[in-house]
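> Input final-v8.pdb, format and content: PDB, C-alpha atoms, pLDDT in the B column.
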MODEL        1
ATOM      1  CA  MET A   1     183.474 140.458  71.722  1.00 46.00           C
ATOM      2  CA  LYS A   2     179.802 141.539  71.843  1.00 44.00           C
ATOM      3  CA  ARG A   3     180.646 144.590  69.694  1.00 42.00           C
ATOM      4  CA  LEU A   4     182.308 142.365  67.101  1.00 36.00           C
ATOM      5  CA  ILE A   5     179.237 140.092  66.897  1.00 36.00           C
ATOM      6  CA  VAL A   6     176.885 143.092  66.560  1.00 33.00           C
ATOM      7  CA  LEU A   7     179.090 144.531  63.801  1.00 34.00           C
ATOM      8  CA  ALA A   8     179.115 141.187  61.964  1.00 36.00           C
ATOM      9  CA  LEU A   9     175.293 140.998  62.189  1.00 34.00           C
ATOM     10  CA  LEU A  10     174.913 144.536  60.851  1.00 34.00           C
ATOM     11  CA  LEU A  11     177.085 143.740  57.866  1.00 35.00           C
ATOM     12  CA  THR A  12     174.984 140.704  56.945  1.00 36.00           C
ATOM     13  CA  LEU A  13     171.498 142.249  57.319  1.00 36.00           C
ATOM     14  CA  PRO A  14     169.733 143.177  54.033  1.00 41.00           C
ATOM     15  CA  TRP A  15     169.332 146.857  54.906  1.00 37.00           C
ATOM     16  CA  GLY A  16     173.071 147.074  55.399  1.00 38.00           C
ATOM     17  CA  THR A  17     173.635 145.946  51.812  1.00 39.00           C
ATOM     18  CA  VAL A  18     174.735 148.483  49.206  1.00 41.00           C
ATOM     19  CA  TYR A  19     172.724 148.021  46.021  1.00 42.00           C
ATOM     20  CA  ALA A  20     173.797 149.004  42.491  1.00 48.00           C
ATOM     21  CA  SER A  21     170.085 149.665  41.842  1.00 58.00           C
ATOM     22  CA  CYS A  22     167.041 149.589  44.095  1.00 61.00           C
ATOM     23  CA  PRO A  23     165.189 146.351  44.555  1.00 69.00           C
ATOM     24  CA  GLU A  24     161.494 146.797  43.723  1.00 66.00           C
ATOM     25  CA  ASP A  25     160.559 146.710  47.399  1.00 69.00           C
ATOM     26  CA  LEU A  26     163.010 149.517  48.293  1.00 83.00           C
ATOM     27  CA  PRO A  27     162.404 152.466  45.922  1.00 90.00           C
ATOM     28  CA  GLY A  28     163.274 156.110  46.440  1.00 92.00           C
ATOM     29  CA  ILE A  29     160.266 158.170  47.517  1.00 93.00           C
ATOM     30  CA  LEU A  30     159.508 161.745  46.484  1.00 95.00           C
ATOM     31  CA  LYS A  31     156.648 163.405  48.333  1.00 94.00           C
ATOM     32  CA  GLY A  32     155.439 166.814  49.379  1.00 95.00           C
ATOM     33  CA  VAL A  33     152.750 169.460  49.110  1.00 95.00           C
ATOM     34  CA  VAL A  34     152.073 171.868  46.242  1.00 96.00           C
ATOM     35  CA  SER A  35     150.784 175.300  47.273  1.00 96.00           C
ATOM     36  CA  ASP A  36     149.785 178.664  45.805  1.00 95.00           C
ATOM     37  CA  GLN A  37     152.829 180.943  45.956  1.00 94.00           C
ATOM     38  CA  TRP A  38     150.742 184.048  46.700  1.00 92.00           C
ATOM     39  CA  THR A  39     148.373 182.687  49.359  1.00 92.00           C
ATOM     40  CA  GLY A  40     150.206 179.632  50.707  1.00 94.00           C
ATOM     41  CA  GLU A  41     147.021 177.589  50.216  1.00 95.00           C
ATOM     42  CA  ALA A  42     147.639 173.912  49.384  1.00 95.00           C
ATOM     43  CA  LEU A  43     146.393 173.007  45.895  1.00 94.00           C
ATOM     44  CA  ASP A  44     144.629 169.804  44.888  1.00 93.00           C
ATOM     45  CA  GLY A  45     144.500 168.821  41.208  1.00 92.00           C
ATOM     46  CA  VAL A  46     148.100 169.700  40.332  1.00 94.00           C
ATOM     47  CA  ALA A  47     149.563 167.311  37.741  1.00 94.00           C
ATOM     48  CA  VAL A  48     152.862 165.847  38.980  1.00 95.00           C
ATOM     49  CA  SER A  49     155.175 164.129  36.499  1.00 95.00           C
ATOM     50  CA  VAL A  50     158.560 162.694  37.469  1.00 95.00           C
ATOM     51  CA  SER A  51     160.807 161.381  34.708  1.00 94.00           C
ATOM     52  CA  GLY A  52     164.390 160.352  34.161  1.00 92.00           C
ATOM     53  CA  PRO A  53     166.577 157.597  32.703  1.00 87.00           C
ATOM     54  CA  SER A  54     165.641 155.198  35.526  1.00 83.00           C
ATOM     55  CA  GLY A  55     161.874 155.487  35.013  1.00 85.00           C
ATOM     56  CA  SER A  56     158.883 157.775  35.264  1.00 90.00           C
ATOM     57  CA  ALA A  57     155.712 158.238  37.279  1.00 90.00           C
ATOM     58  CA  SER A  58     152.694 160.536  37.162  1.00 90.00           C
ATOM     59  CA  THR A  59     150.123 161.472  39.762  1.00 91.00           C
ATOM     60  CA  SER A  60     148.131 164.498  40.845  1.00 90.00           C
ATOM     61  CA  THR A  61     147.873 166.253  44.161  1.00 89.00           C
ATOM     62  CA  SER A  62     144.906 165.425  46.341  1.00 88.00           C
ATOM     63  CA  ARG A  63     143.786 165.412  49.941  1.00 85.00           C
ATOM     64  CA  SER A  64     145.538 162.067  50.359  1.00 77.00           C
ATOM     65  CA  LYS A  65     146.514 161.083  53.882  1.00 76.00           C
ATOM     66  CA  GLY A  66     144.408 164.015  55.159  1.00 82.00           C
ATOM     67  CA  VAL A  67     146.831 166.574  53.711  1.00 88.00           C
ATOM     68  CA  PRO A  68     145.569 168.969  50.989  1.00 91.00           C
ATOM     69  CA  GLY A  69     147.856 169.311  47.962  1.00 93.00           C
ATOM     70  CA  TYR A  70     149.740 166.090  48.795  1.00 94.00           C
ATOM     71  CA  TYR A  71     151.619 163.960  46.276  1.00 94.00           C
ATOM     72  CA  GLU A  72     153.880 160.903  46.487  1.00 94.00           C
ATOM     73  CA  VAL A  73     155.794 158.898  43.858  1.00 94.00           C
ATOM     74  CA  ARG A  74     158.067 155.882  44.229  1.00 92.00           C
ATOM     75  CA  LEU A  75     160.853 155.243  41.715  1.00 92.00           C
ATOM     76  CA  PRO A  76     164.193 153.420  41.456  1.00 91.00           C
ATOM     77  CA  ALA A  77     167.313 155.316  42.509  1.00 90.00           C
ATOM     78  CA  GLY A  78     168.349 157.905  39.940  1.00 91.00           C
ATOM     79  CA  THR A  79     168.240 161.518  38.847  1.00 94.00           C
ATOM     80  CA  TYR A  80     164.839 162.852  37.781  1.00 95.00           C
ATOM     81  CA  THR A  81     163.026 165.989  36.749  1.00 96.00           C
ATOM     82  CA  ALA A  82     159.838 166.618  38.721  1.00 96.00           C
ATOM     83  CA  SER A  83     157.308 168.825  36.888  1.00 96.00           C
ATOM     84  CA  PHE A  84     154.214 170.424  38.419  1.00 96.00           C
ATOM     85  CA  SER A  85     151.375 172.038  36.427  1.00 94.00           C
ATOM     86  CA  ARG A  86     147.817 173.224  36.963  1.00 94.00           C
ATOM     87  CA  GLN A  87     145.517 175.393  34.883  1.00 91.00           C
ATOM     88  CA  GLY A  88     145.834 179.024  35.966  1.00 91.00           C
ATOM     89  CA  TYR A  89     149.367 178.542  37.298  1.00 93.00           C
ATOM     90  CA  GLY A  90     152.792 178.683  35.710  1.00 90.00           C
ATOM     91  CA  PRO A  91     154.558 175.316  35.470  1.00 93.00           C
ATOM     92  CA  GLN A  92     157.406 174.490  37.858  1.00 93.00           C
ATOM     93  CA  SER A  93     160.214 171.949  37.455  1.00 96.00           C
ATOM     94  CA  ARG A  94     162.880 170.751  39.866  1.00 96.00           C
ATOM     95  CA  GLY A  95     165.761 168.309  39.583  1.00 96.00           C
ATOM     96  CA  VAL A  96     165.842 165.614  42.246  1.00 95.00           C
ATOM     97  CA  THR A  97     168.056 162.618  42.996  1.00 94.00           C
ATOM     98  CA  LEU A  98     166.402 159.609  44.604  1.00 93.00           C
ATOM     99  CA  SER A  99     168.261 156.945  46.585  1.00 93.00           C
ATOM    100  CA  CYS A 100     167.115 153.475  47.642  1.00 91.00           C
ATOM    101  CA  GLY A 101     164.726 153.634  50.578  1.00 90.00           C
ATOM    102  CA  VAL A 102     165.253 157.371  51.110  1.00 94.00           C
ATOM    103  CA  ILE A 103     162.323 159.790  51.378  1.00 94.00           C
ATOM    104  CA  ILE A 104     162.843 163.193  49.743  1.00 95.00           C
ATOM    105  CA  ARG A 105     160.370 165.900  50.757  1.00 96.00           C
ATOM    106  CA  LEU A 106     159.866 168.515  48.061  1.00 96.00           C
ATOM    107  CA  ASN A 107     157.237 171.167  48.806  1.00 96.00           C
ATOM    108  CA  ILE A 108     156.567 173.307  45.740  1.00 95.00           C
ATOM    109  CA  PRO A 109     154.988 176.772  45.587  1.00 95.00           C
ATOM    110  CA  VAL A 110     153.451 177.446  42.150  1.00 94.00           C
ATOM    111  CA  ALA A 111     152.837 181.003  40.955  1.00 93.00           C
ATOM    112  CA  PRO A 112     149.442 181.920  39.578  1.00 94.00           C
ATOM    113  CA  GLU A 113     149.379 183.240  36.020  1.00 94.00           C
ATOM    114  CA  ALA A 114     149.303 186.990  36.459  1.00 94.00           C
ATOM    115  CA  GLY A 115     148.980 190.303  34.736  1.00 96.00           C
ATOM    116  CA  SER A 116     148.501 193.812  36.041  1.00 97.00           C
ATOM    117  CA  ILE A 117     145.999 196.649  36.164  1.00 97.00           C
ATOM    118  CA  ALA A 118     147.095 200.291  35.883  1.00 97.00           C
ATOM    119  CA  VAL A 119     144.494 202.226  37.879  1.00 97.00           C
ATOM    120  CA  ASP A 120     144.195 206.009  37.654  1.00 97.00           C
ATOM    121  CA  SER A 121     141.639 208.667  38.489  1.00 96.00           C
ATOM    122  CA  ASN A 122     140.998 212.295  37.677  1.00 96.00           C
ATOM    123  CA  PRO A 123     141.733 213.804  40.142  1.00 96.00           C
ATOM    124  CA  GLN A 124     144.361 211.416  41.481  1.00 96.00           C
ATOM    125  CA  GLY A 125     144.645 210.240  45.103  1.00 96.00           C
ATOM    126  CA  ALA A 126     141.514 208.066  45.197  1.00 96.00           C
ATOM    127  CA  LYS A 127     141.372 204.891  47.309  1.00 97.00           C
ATOM    128  CA  ILE A 128     141.281 201.708  45.206  1.00 97.00           C
ATOM    129  CA  TYR A 129     138.929 198.768  45.746  1.00 97.00           C
ATOM    130  CA  LEU A 130     139.709 195.489  43.943  1.00 97.00           C
ATOM    131  CA  ASP A 131     136.938 192.888  43.777  1.00 96.00           C
ATOM    132  CA  GLY A 132     135.105 194.678  46.595  1.00 93.00           C
ATOM    133  CA  THR A 133     138.109 194.891  48.945  1.00 94.00           C
ATOM    134  CA  LYS A 134     139.971 198.090  49.831  1.00 93.00           C
ATOM    135  CA  ILE A 135     143.592 197.285  49.028  1.00 92.00           C
ATOM    136  CA  GLY A 136     145.435 200.225  50.595  1.00 88.00           C
ATOM    137  CA  ASN A 137     146.677 201.778  47.347  1.00 91.00           C
ATOM    138  CA  ILE A 138     145.714 205.168  45.961  1.00 94.00           C
ATOM    139  CA  THR A 139     145.650 206.286  42.352  1.00 96.00           C
ATOM    140  CA  PRO A 140     147.745 206.176  40.296  1.00 97.00           C
ATOM    141  CA  ALA A 141     148.872 202.603  40.974  1.00 96.00           C
ATOM    142  CA  THR A 142     149.700 199.391  39.140  1.00 97.00           C
ATOM    143  CA  LEU A 143     148.368 196.215  40.735  1.00 96.00           C
ATOM    144  CA  ALA A 144     149.653 192.660  40.156  1.00 94.00           C
ATOM    145  CA  VAL A 145     146.613 190.373  39.908  1.00 95.00           C
ATOM    146  CA  ARG A 146     145.643 186.875  38.810  1.00 94.00           C
ATOM    147  CA  VAL A 147     144.570 186.370  35.209  1.00 94.00           C
ATOM    148  CA  GLY A 148     140.803 186.769  34.767  1.00 94.00           C
ATOM    149  CA  ASN A 149     138.075 189.327  35.322  1.00 97.00           C
ATOM    150  CA  HIS A 150     138.325 191.818  38.167  1.00 97.00           C
ATOM    151  CA  THR A 151     136.007 194.585  39.370  1.00 97.00           C
ATOM    152  CA  LEU A 152     137.518 197.923  40.324  1.00 96.00           C
ATOM    153  CA  THR A 153     136.171 201.065  41.883  1.00 96.00           C
ATOM    154  CA  VAL A 154     137.684 204.094  43.572  1.00 97.00           C
ATOM    155  CA  THR A 155     136.522 206.565  46.206  1.00 96.00           C
ATOM    156  CA  LYS A 156     137.698 210.044  47.098  1.00 96.00           C
ATOM    157  CA  GLU A 157     136.298 212.353  49.736  1.00 95.00           C
ATOM    158  CA  GLY A 158     134.339 215.211  48.163  1.00 95.00           C
ATOM    159  CA  TYR A 159     133.547 213.200  45.024  1.00 95.00           C
ATOM    160  CA  LEU A 160     130.688 210.924  43.980  1.00 94.00           C
ATOM    161  CA  ASP A 161     131.547 207.219  43.835  1.00 93.00           C
ATOM    162  CA  PRO A 162     131.890 206.229  40.180  1.00 94.00           C
ATOM    163  CA  MET A 163     130.351 203.118  38.645  1.00 95.00           C
ATOM    164  CA  PRO A 164     132.569 200.038  39.120  1.00 96.00           C
ATOM    165  CA  GLN A 165     134.584 198.866  36.104  1.00 96.00           C
ATOM    166  CA  THR A 166     135.109 195.218  35.241  1.00 97.00           C
ATOM    167  CA  VAL A 167     138.389 194.559  33.459  1.00 96.00           C
ATOM    168  CA  ALA A 168     139.790 191.403  31.848  1.00 96.00           C
ATOM    169  CA  VAL A 169     143.425 190.737  32.741  1.00 96.00           C
ATOM    170  CA  ALA A 170     145.548 188.602  30.419  1.00 95.00           C
ATOM    171  CA  LYS A 171     148.766 186.784  31.297  1.00 93.00           C
ATOM    172  CA  ASP A 172     151.847 189.030  31.348  1.00 93.00           C
ATOM    173  CA  SER A 173     149.946 192.129  30.176  1.00 96.00           C
ATOM    174  CA  THR A 174     148.709 195.371  31.706  1.00 96.00           C
ATOM    175  CA  THR A 175     145.070 196.492  31.517  1.00 96.00           C
ATOM    176  CA  THR A 176     144.174 200.132  32.202  1.00 96.00           C
ATOM    177  CA  ALA A 177     141.229 201.411  34.251  1.00 96.00           C
ATOM    178  CA  THR A 178     140.692 205.174  34.547  1.00 96.00           C
ATOM    179  CA  PHE A 179     137.978 206.850  36.609  1.00 96.00           C
ATOM    180  CA  ASN A 180     136.771 210.438  36.042  1.00 96.00           C
ATOM    181  CA  LEU A 181     135.421 211.622  39.391  1.00 96.00           C
ATOM    182  CA  THR A 182     132.549 214.089  39.747  1.00 95.00           C
ATOM    183  CA  PRO A 183     132.676 216.540  42.667  1.00 94.00           C
ATOM    184  CA  THR A 184     129.754 216.398  45.096  1.00 91.00           C
ATOM    185  CA  ILE A 185     127.519 219.463  45.136  1.00 82.00           C
ATOM    186  CA  ARG A 186     127.573 221.315  48.432  1.00 69.00           C
TER     187      ARG A 186
ENDMDL
END
In structure tokens, how does this file's structure come out?

Amino acid sequence: MKRLIVLALLLTLPWGTVYASCPEDLPGILKGVVSDQWTGEALDGVAVSVSGPSGSASTSTSRSKGVPGYYEVRLPAGTYTASFSRQGYGPQSRGVTLSCGVIIRLNIPVAPEAGSIAVDSNPQGAKIYLDGTKIGNITPATLAVRVGNHTLTVTKEGYLDPMPQTVAVAKDSTTTATFNLTPTIR
């Protein structure tokens, strides 16, 4: 008998009701963190736009709730496209279906806009330094890097260190840097 009464109560409570659409006080919630795909670092300032037939919302990521790169939108139940964009990064979009009162967590890695640098030296086999950091490659090598200016140098035992070269890398293109090494005098 007690089970029958509990079941009857559950069927009459508001949260047990099946809605054709969400009441305003019971939206679907989409939230998560947007991060740099290469470094894993959470990114603030990413524009987040969620749109679909049931509505739309826009926000940007911030250090909200103590979490860097955090975003949250609330919308009626429905199917949406969530778009994420930030200067210096390629845009990302994902389809998502929201249900009444359900929280969907969608963490998004965004890829930085990138190009490459073809590094060579004469003679070959020199260690490569990118922006002051030894990267473990030797010439010749092609390096995937973020769009922008980068400083390169190379070193090879028995040769003088050449002057660093600053190269500008454009999106989806390859820039060449070649170093002619001078032997040390013994």
> Take the PyMOL selection byres ((chain A and resi 160) around 9), run it mentally on this structure, and tell me the resulting residues as a ChimeraX atom specification.
/A:155-159,161-162,181-184
> Which residues would end up in the selection if the PyMOL selection byres ((chain A and resi 122) around 7) were applied here, given that I need the answer as a VMD selection string?
chain A and resid 121 123 to 124 179 to 181
> Give as a list in words the residues that the PyMOL selection byres ((chain A and resi 42) around 12) matches when applied to the coordinates above.
Gly32, Val33, Val34, Ser35, Asp36, Gln37, Trp38, Thr39, Gly40, Glu41, Leu43, Asp44, Gly45, Val46, Thr61, Ser62, Arg63, Gly66, Val67, Pro68, Gly69, Tyr70, Tyr71, Asn107, Ile108, Pro109 and Val110 of chain A
> Taking 2 positions as the minimum chain separation for residues in the same chain, which residues sit within 7 Å of Val154 in chain A when counting only C-alpha atoms? Answer as a list in words.
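Surrounding residues, per the criterion: Ala126, Lys127, Ile128, Tyr129, Leu152, Lys156 and Asp161 of chain A.
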> With distances taken over all atoms listed in the file, which residue among A:Thr81, A:Gln92, A:Ser56, A:Thr142 lies nearest Ile117 in chain A?
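When distances to Ile117 in chain A are compared using all atoms listed in the file, the smallest one comes from A:Thr142.
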> For each of A:Pro91, A:Leu30, A:Ser64, A:Ala82, take the minimum atom-to-atom distance to Val48 in chain A, counting all atoms listed in the file, then give the residue where this is smallest.
A:Ala82
> Compile the contact shell of Ala141 in chain A as a list in words: residues with an atom at most 7 Å away, counting only C-alpha atoms, same-chain residues fewer than 6 positions apart removed.
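Here the answer would be Ala118, Val119 and Asp120 of chain A.
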> Report as a ChimeraX atom specification all protein, DNA and RNA residues lying within 7 Å of Leu75 in chain A, evaluated on all atoms listed in the file, omitting residues in the same chain fewer than 3 positions from it.
/A:27-29,55
> So what do you get for CA of Gly148 in chain A versus CA of Ala177 in chain A, distance-wise?
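That distance, rounded to one decimal, is 14.7 Å.
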> Between A:Thr153, A:Thr166, A:Ser60, A:Ser54, which is the closest to Thr79 in chain A once you count only C-alpha atoms?
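Looking only at the distances to Thr79 in chain A, the closest residue turns out to be A:Ser54.
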> So how many Å separate CA of Arg94 in chain A and CA of Ala170 in chain A, to one decimal?
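CA of Ala170 in chain A lies at a distance of 26.6 Å from CA of Arg94 in chain A.
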> Quick one, how far is CA of Ile138 in chain A from CA of Thr176 in chain A?
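Interatomic distance, CA of Ile138 in chain A to CA of Thr176 in chain A: 14.7 Å.
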> Looking at all atoms listed in the file, which of A:Val169, A:Cys100, A:Leu130, A:Ala47 is the one that sits closest to Arg146 in chain A?
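When distances to Arg146 in chain A are compared using all atoms listed in the file, the smallest one comes from A:Val169.
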> Got a sec to check which residues sit within 6 Å of (152.1, 178.2, 37.2), counting only C-alpha atoms, and write them as a PDB file with C-alpha atoms, in the coordinates of the input?

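New file selection.pdb:
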ATOM      1  CA  TYR A  89     149.367 178.542  37.298  1.00 93.00           C
ATOM      2  CA  GLY A  90     152.792 178.683  35.710  1.00 90.00           C
ATOM      3  CA  PRO A  91     154.558 175.316  35.470  1.00 93.00           C
ATOM      4  CA  VAL A 110     153.451 177.446  42.150  1.00 94.00           C
ATOM      5  CA  ALA A 111     152.837 181.003  40.955  1.00 93.00           C
ATOM      6  CA  PRO A 112     149.442 181.920  39.578  1.00 94.00           C
ATOM      7  CA  GLU A 113     149.379 183.240  36.020  1.00 94.00           C
TER       8      GLU A 113
END
> Nearest to Ser83 in chain A among A:Gly115, A:Gly132, A:Pro140, A:Gly95, with distances taken over all atoms listed in the file: which residue is it?
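Ranked by minimum distance to Ser83 in chain A, first place goes to A:Gly95.
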